[in-house]
Amino acid sequence: MLDELESALRRTVADEIGDYLGQATEAGRRMPDELDQQQMARAILRRELDNRSRAALRLGESPLAAEEEDSLLERVLATAFSAAPGLDALLRRGDVTDVFVNGCDDVRLVTADGDTIVGEPIARSDDELIEMIQTLARRGGHMEREFTPARPLLDLQLPDGSRLAAAAWVTKRPYLTVRRHLLVDADQTELVRRGMYDRGVASLLAALVRARRNILIAGGQGIGKTTLLRALLHECQRDERIVVLEQEPELHLDAMPGRHDHVLVFMERSANTEGVGAVSLADLGRAIKRFTPRRIVVGEVRGPEVIDMLEAMTQGIAGSMCTIHADSSWSVFPRLPVYARAGGRDWASGDVLQLAALALDVIVFIAQDRSGRRVISEIRHVQRFDPDAGQVVTDEWFHPDEDGRAVRNHAAPIPVRLLDELVEHGYDPTLHEAVLL
């Protein structure tokens with residue numbers, strides 16, 4: 001009985017505060033801080049408990065004792081600002097990068113080392129899991145984030161910056177996924193320490209950034225592309241004017257004034273409930289050139305914005321970077337024409353590949369080694385476009401060894417003139433780990 005009452009009170013607090021936040025947002029009023037919300041929650045709980053006590057007396061029932069009420073109030077307050085206490089407990093772990101909830105009793109965690117482990121359930125039933133997700137949606141304070149049979153898909157950002165996606169009613173069971181970016185402030189030193197690549201590769205990547213070469217980072221979902229992109233951007237000068245395009249906030253460069261103090265962030269916007277107001281990455285890609293960027297960074301290329309990105313790279317905005325989904329450094333090229341045509345324009349594959357050959361300097365591919373660790377596996381240099389073959393000509397400077405880690409490809413050395421330039425910018429080939437041939 002008390003458990004049901006506690007859950008009901010928690011929902012009431014979440015609903016009323018969520019409604020208040022939504023109204024404040026729409027009216028442009030000052031948003032209450034955490035202390036204000038705690039005071040609001042306490043007042044709501046006192047009102048509800050008083051109403052329930054009066055109702056019990058009218059029905060001839062025994063109300064809760066004062067000590068029971070106080071204890072219940074404090075228990076609800078302790079979790080009132082945690083819509084999902086079980087989920088919060090998982091997110092407090094410093095090593096969890098992904099949380100997969102496939103129904104209330106199937107919870108799996110992915111750690112920073114790439115291991116998958118089974119976690120404790122975060123809800124007692126699928127209905128309770130749905131209620132938890134609905135509370136999370138209401139905490140957003142926007143009607144667009146409701147989670148109902150009419151809106152069975154949810155995508156939102158949690159207070160700690162994690163991204164949450166949920167689905168129900170169109171699935172057999174309610175599903176919830178949380179993606180986290182643990183290494184928000186990780187630089188190359190940290191990635192080398194974690195074994196992602198050696199100090200030689202780190203010095204090569206740093207030199208490419210300082211030499212203002214255009215870099216594309218490729219790999220699968222959740223493999224560490226954003227983490228590597230952020231670490232490479234930390235090699236830039238602190239006052240460089242960097243313009244970032246993202247579908248959702250992941251890089252967070254603007255939150256690191258100690259590393260970057262001149263960052264402009266543009267984010268894609270979905271259409272509103274009337275189907276208007278959408279702003280795509282392609283729209284933003286065309287607009288940002290007017291903001292005089294020193295570097296352009298696209299969090300992830302996945303559509304027609306690829307053309308605007310490549311054009312910017314060939315029009316004097318050197319040193320730009322982006323990420324893309326691919327299963328090898330070479331497989332990037334077949335994807336580019338497909339993405340370019342996603343906007344409805346009839347781009348010829350040869351034209352897209354020729355533009356890519358002009359724009360890109362290096363492709364860095366991330367994969368998993370034999371032990372499951374996320375590592376740089378390939379570094380491919382882009383030379384030119386061959387019109388007769390209809391292909392981009394490249395050199396694979398680093399290819400995977402038997403464990404899947406990038407090692408120097410002695411059949412494709414860095415050209416002497418380019419090597420001299422990179423050495424001038426800090427590349428030290430002697431730092432590479434010794435490999436027995």
# chains A, B, ... in the order shown; residues from 1 in each chain; ligands from 1
call {"tool": "residues_around", "arguments": {"residues": "segment 255-268 of chain A", "least_positions_apart": "4", "cutoff": "10 Å", "atoms": "only C-alpha atoms", "output": "number ranges by chain"}}
result
A: 184-185, 233-249, 251, 278-285, 287-288, 291, 293, 295-299
call {"tool": "write_last_selection", "arguments": {"atoms": "N, CA and C atoms", "output": "mmCIF file, in the first residue's frame"}}
result
data_model
loop_
_atom_site.group_PDB
_atom_site.id
_atom_site.type_symbol
_atom_site.label_atom_id
_atom_site.label_comp_id
_atom_site.auth_asym_id
_atom_site.auth_seq_id
_atom_site.Cartn_x
_atom_site.Cartn_y
_atom_site.Cartn_z
ATOM 1 N N VAL A 184 34.584 13.203 -22.240
ATOM 2 C CA VAL A 184 34.283 14.508 -22.814
ATOM 3 C C VAL A 184 35.522 15.388 -22.875
ATOM 4 N N ASP A 185 36.392 15.309 -21.884
ATOM 5 C CA ASP A 185 37.577 16.169 -21.868
ATOM 6 C C ASP A 185 38.852 15.378 -22.164
ATOM 7 N N LEU A 233 40.429 17.838 -31.875
ATOM 8 C CA LEU A 233 40.113 19.269 -31.803
ATOM 9 C C LEU A 233 40.835 19.936 -30.645
ATOM 10 N N HIS A 234 41.161 19.174 -29.618
ATOM 11 C CA HIS A 234 41.930 19.732 -28.507
ATOM 12 C C HIS A 234 43.357 20.104 -28.933
ATOM 13 N N GLU A 235 43.771 19.662 -30.119
ATOM 14 C CA GLU A 235 45.085 20.052 -30.642
ATOM 15 C C GLU A 235 45.053 21.427 -31.296
ATOM 16 N N CYS A 236 43.859 21.986 -31.489
ATOM 17 C CA CYS A 236 43.737 23.313 -32.107
ATOM 18 C C CYS A 236 44.146 24.406 -31.120
ATOM 19 N N GLN A 237 44.455 25.564 -31.664
ATOM 20 C CA GLN A 237 44.701 26.723 -30.824
ATOM 21 C C GLN A 237 43.437 27.082 -30.057
ATOM 22 N N ARG A 238 43.608 27.527 -28.810
ATOM 23 C CA ARG A 238 42.461 27.796 -27.939
ATOM 24 C C ARG A 238 41.521 28.837 -28.538
ATOM 25 N N ASP A 239 42.061 29.819 -29.247
ATOM 26 C CA ASP A 239 41.226 30.912 -29.746
ATOM 27 C C ASP A 239 40.772 30.718 -31.188
ATOM 28 N N GLU A 240 40.972 29.525 -31.756
ATOM 29 C CA GLU A 240 40.507 29.297 -33.127
ATOM 30 C C GLU A 240 38.990 29.360 -33.182
ATOM 31 N N ARG A 241 38.490 30.005 -34.223
ATOM 32 C CA ARG A 241 37.033 30.112 -34.411
ATOM 33 C C ARG A 241 36.535 28.816 -35.060
ATOM 34 N N ILE A 242 35.925 27.952 -34.252
ATOM 35 C CA ILE A 242 35.453 26.651 -34.706
ATOM 36 C C ILE A 242 33.933 26.670 -34.763
ATOM 37 N N VAL A 243 33.385 26.317 -35.917
ATOM 38 C CA VAL A 243 31.938 26.223 -36.086
ATOM 39 C C VAL A 243 31.555 24.750 -36.138
ATOM 40 N N VAL A 244 30.665 24.361 -35.239
ATOM 41 C CA VAL A 244 30.275 22.953 -35.090
ATOM 42 C C VAL A 244 28.844 22.765 -35.564
ATOM 43 N N LEU A 245 28.619 21.734 -36.383
ATOM 44 C CA LEU A 245 27.283 21.329 -36.809
ATOM 45 C C LEU A 245 26.993 19.967 -36.203
ATOM 46 N N GLU A 246 25.870 19.857 -35.506
ATOM 47 C CA GLU A 246 25.520 18.582 -34.884
ATOM 48 C C GLU A 246 24.021 18.337 -34.977
ATOM 49 N N GLN A 247 23.666 17.075 -35.075
ATOM 50 C CA GLN A 247 22.260 16.714 -34.991
ATOM 51 C C GLN A 247 21.794 16.790 -33.547
ATOM 52 N N GLU A 248 22.669 16.415 -32.621
ATOM 53 C CA GLU A 248 22.401 16.507 -31.195
ATOM 54 C C GLU A 248 23.713 16.837 -30.491
ATOM 55 N N PRO A 249 23.674 17.517 -29.348
ATOM 56 C CA PRO A 249 24.919 17.940 -28.697
ATOM 57 C C PRO A 249 25.737 16.767 -28.181
ATOM 58 N N LEU A 251 29.735 16.934 -28.843
ATOM 59 C CA LEU A 251 31.133 17.360 -28.701
ATOM 60 C C LEU A 251 31.349 18.223 -27.460
ATOM 61 N N ALA A 278 11.403 22.932 -39.461
ATOM 62 C CA ALA A 278 12.565 22.045 -39.498
ATOM 63 C C ALA A 278 13.767 22.768 -40.106
ATOM 64 N N VAL A 279 14.947 22.535 -39.507
ATOM 65 C CA VAL A 279 16.214 23.055 -40.038
ATOM 66 C C VAL A 279 17.181 21.881 -40.078
ATOM 67 N N SER A 280 17.604 21.485 -41.277
ATOM 68 C CA SER A 280 18.459 20.315 -41.431
ATOM 69 C C SER A 280 19.938 20.693 -41.346
ATOM 70 N N LEU A 281 20.787 19.671 -41.211
ATOM 71 C CA LEU A 281 22.228 19.916 -41.239
ATOM 72 C C LEU A 281 22.649 20.501 -42.576
ATOM 73 N N ALA A 282 21.985 20.090 -43.657
ATOM 74 C CA ALA A 282 22.302 20.657 -44.972
ATOM 75 C C ALA A 282 21.980 22.148 -45.003
ATOM 76 N N ASP A 283 20.846 22.546 -44.407
ATOM 77 C CA ASP A 283 20.504 23.976 -44.316
ATOM 78 C C ASP A 283 21.588 24.728 -43.543
ATOM 79 N N LEU A 284 21.989 24.155 -42.424
ATOM 80 C CA LEU A 284 23.007 24.795 -41.599
ATOM 81 C C LEU A 284 24.352 24.831 -42.313
ATOM 82 N N GLY A 285 24.660 23.756 -43.048
ATOM 83 C CA GLY A 285 25.931 23.706 -43.770
ATOM 84 C C GLY A 285 26.073 24.826 -44.769
ATOM 85 N N ALA A 287 24.496 27.738 -44.451
ATOM 86 C CA ALA A 287 24.437 29.019 -43.746
ATOM 87 C C ALA A 287 25.727 29.371 -43.012
ATOM 88 N N ILE A 288 26.433 28.383 -42.489
ATOM 89 C CA ILE A 288 27.544 28.693 -41.581
ATOM 90 C C ILE A 288 28.726 29.339 -42.279
ATOM 91 N N PHE A 291 29.463 32.833 -41.450
ATOM 92 C CA PHE A 291 29.919 33.164 -40.105
ATOM 93 C C PHE A 291 31.440 33.114 -39.977
ATOM 94 N N PRO A 293 33.992 30.838 -40.439
ATOM 95 C CA PRO A 293 34.652 29.845 -39.586
ATOM 96 C C PRO A 293 36.114 29.671 -39.957
ATOM 97 N N ARG A 295 37.598 26.771 -38.768
ATOM 98 C CA ARG A 295 37.435 25.341 -39.022
ATOM 99 C C ARG A 295 35.954 25.024 -38.947
ATOM 100 N N ILE A 296 35.524 24.053 -39.754
ATOM 101 C CA ILE A 296 34.158 23.535 -39.665
ATOM 102 C C ILE A 296 34.240 22.096 -39.176
ATOM 103 N N VAL A 297 33.375 21.773 -38.234
ATOM 104 C CA VAL A 297 33.318 20.412 -37.688
ATOM 105 C C VAL A 297 31.880 19.924 -37.791
ATOM 106 N N VAL A 298 31.687 18.785 -38.443
ATOM 107 C CA VAL A 298 30.365 18.161 -38.509
ATOM 108 C C VAL A 298 30.409 16.917 -37.635
ATOM 109 N N GLY A 299 29.573 16.892 -36.593
ATOM 110 C CA GLY A 299 29.597 15.780 -35.660
ATOM 111 C C GLY A 299 29.437 14.443 -36.351
#
call {"tool": "residues_around", "arguments": {"residues": "Gly404 of chain A", "least_positions_apart": "3", "cutoff": "8 Å", "atoms": "only C-alpha atoms", "output": "list in words"}}
result
Ala367, Gln368, Asp369, Arg370, Val375, Ser377, Pro400 and Asp401 of chain A
call {"tool": "residues_around", "arguments": {"residues": "Pro429 of chain A", "least_positions_apart": "3", "cutoff": "10 Å", "atoms": "only C-alpha atoms", "output": "compact mmCIF listing (two decimals) with C-alpha atoms, in the first residue's frame"}}
result
# COMPACT_ATOMS: atom_id res chain seq x y z
CA ARG A 199 52.34 7.83 -29.30
CA GLY A 200 53.58 7.82 -32.90
CA VAL A 201 50.04 7.85 -34.27
CA SER A 203 51.99 12.76 -32.98
CA LEU A 204 50.93 12.12 -36.62
CA ARG A 408 52.90 1.42 -40.61
CA LEU A 419 56.53 13.78 -44.32
CA LEU A 422 54.32 16.83 -40.88
CA VAL A 423 57.62 16.53 -39.01
CA GLY A 426 55.46 17.80 -34.60
CA HIS A 432 55.71 4.25 -33.05
CA GLU A 433 55.71 1.00 -31.13
call {"tool": "closest_residue", "arguments": {"among": "A:Ala14, A:Ile117, A:Cys322, A:Leu129", "to": "Leu176 of chain A", "atoms": "only C-alpha atoms"}}
result
A:Leu129
call {"tool": "select_by_dssp", "arguments": {"residues": "segment 205-282 of chain A", "states": "alpha helix (DSSP H)", "output": "count of residues only"}}
result
17
call {"tool": "closest_residue", "arguments": {"among": "A:Met321, A:Ala89, A:Ala8, A:Ala312", "to": "Leu208 of chain A", "atoms": "only C-alpha atoms"}}
result
A:Met321
call {"tool": "residues_around", "arguments": {"residues": "Arg380 of chain A", "least_positions_apart": "5", "cutoff": "6 Å", "atoms": "only C-alpha atoms", "output": "list in words"}}
result
Val362, Ile363, Asp395, Glu396 and Trp397 of chain A
call {"tool": "atom_distance", "arguments": {"atom1": "atom CA of Ser349 of chain A", "atom2": "atom CA of Ala389 of chain A"}}
result
12.2 Å
call {"tool": "residues_around", "arguments": {"residues": "Gly86 of chain A", "least_positions_apart": "5", "cutoff": "10 Å", "atoms": "only C-alpha atoms", "output": "PyMOL selection string"}}
result
chain A and resi 91+120-123+132
call {"tool": "write_last_selection", "arguments": {"atoms": "N, CA, C and O atoms", "output": "PDB file, in the first residue's frame"}}
result
ATOM      1  N   LEU A  91      23.912   5.132 -14.260  1.00  0.00           N
ATOM      2  CA  LEU A  91      24.642   6.229 -14.886  1.00  0.00           C
ATOM      3  C   LEU A  91      25.674   6.852 -13.956  1.00  0.00           C
ATOM      4  O   LEU A  91      26.552   7.583 -14.421  1.00  0.00           O
ATOM      5  N   GLU A 120      21.079  -4.862 -13.094  1.00  0.00           N
ATOM      6  CA  GLU A 120      19.853  -5.093 -12.340  1.00  0.00           C
ATOM      7  C   GLU A 120      18.676  -4.395 -13.027  1.00  0.00           C
ATOM      8  O   GLU A 120      18.838  -3.345 -13.643  1.00  0.00           O
ATOM      9  N   PRO A 121      17.457  -4.966 -12.926  1.00  0.00           N
ATOM     10  CA  PRO A 121      16.276  -4.310 -13.501  1.00  0.00           C
ATOM     11  C   PRO A 121      16.096  -2.910 -12.922  1.00  0.00           C
ATOM     12  O   PRO A 121      16.387  -2.673 -11.747  1.00  0.00           O
ATOM     13  N   ILE A 122      15.617  -1.985 -13.748  1.00  0.00           N
ATOM     14  CA  ILE A 122      15.378  -0.618 -13.274  1.00  0.00           C
ATOM     15  C   ILE A 122      13.888  -0.355 -13.065  1.00  0.00           C
ATOM     16  O   ILE A 122      13.499   0.759 -12.722  1.00  0.00           O
ATOM     17  N   ALA A 123      13.047  -1.351 -13.305  1.00  0.00           N
ATOM     18  CA  ALA A 123      11.609  -1.243 -13.071  1.00  0.00           C
ATOM     19  C   ALA A 123      11.073  -2.627 -12.725  1.00  0.00           C
ATOM     20  O   ALA A 123      11.651  -3.646 -13.096  1.00  0.00           O
ATOM     21  N   MET A 132       8.056   5.381 -16.029  1.00  0.00           N
ATOM     22  CA  MET A 132       9.342   6.024 -15.776  1.00  0.00           C
ATOM     23  C   MET A 132       9.771   6.841 -16.985  1.00  0.00           C
ATOM     24  O   MET A 132      10.215   7.990 -16.862  1.00  0.00           O
TER      25      MET A 132
END
call {"tool": "closest_residue", "arguments": {"among": "A:Leu72, A:Ala348, A:Ile133, A:Leu87", "to": "Val107 of chain A", "atoms": "only C-alpha atoms"}}
result
A:Leu87
call {"tool": "atom_distance", "arguments": {"atom1": "atom CA of Ser320 of chain A", "atom2": "atom CA of Arg213 of chain A"}}
result
7.3 Å
call {"tool": "closest_residue", "arguments": {"among": "A:Leu49, A:Leu90, A:Val392, A:Ile217", "to": "Asp327 of chain A", "atoms": "only C-alpha atoms"}}
result
A:Ile217
call {"tool": "closest_residue", "arguments": {"among": "A:Arg179, A:Arg29, A:Arg151, A:Arg42", "to": "Val96 of chain A", "atoms": "only C-alpha atoms"}}
result
A:Arg179
call {"tool": "select_by_dssp", "arguments": {"residues": "segment 203-303 of chain A", "states": "strand (DSSP E or B)", "output": "PyMOL selection string"}}
result
chain A and resi 215-219+242-246+263-267+269+279+295-301
call {"tool": "atom_distance", "arguments": {"atom1": "atom CA of Ala318 of chain A", "atom2": "atom CA of Arg335 of chain A"}}
result
22.4 Å
call {"tool": "closest_atom_pairs", "arguments": {"of": "segment 75-131 of chain A", "to": "segment 58-71 of chain A", "cutoff": "10 Å", "atoms": "only C-alpha atoms", "output": "tab-separated table"}}
result
residue	atom	partner	partner_atom	distance
A:Arg75	CA	A:Ser71	CA	6.2
A:Val76	CA	A:Ser71	CA	8.7
A:Leu77	CA	A:Ser71	CA	9.9
call {"tool": "closest_residue", "arguments": {"among": "A:Leu9, A:Ile366, A:Met309, A:Leu253", "to": "Ile223 of chain A", "atoms": "only C-alpha atoms"}}
result
A:Ile366
call {"tool": "residues_around", "arguments": {"residues": "Pro174 of chain A", "least_positions_apart": "2", "cutoff": "9 Å", "atoms": "only C-alpha atoms", "output": "count of residues only"}}
result
16
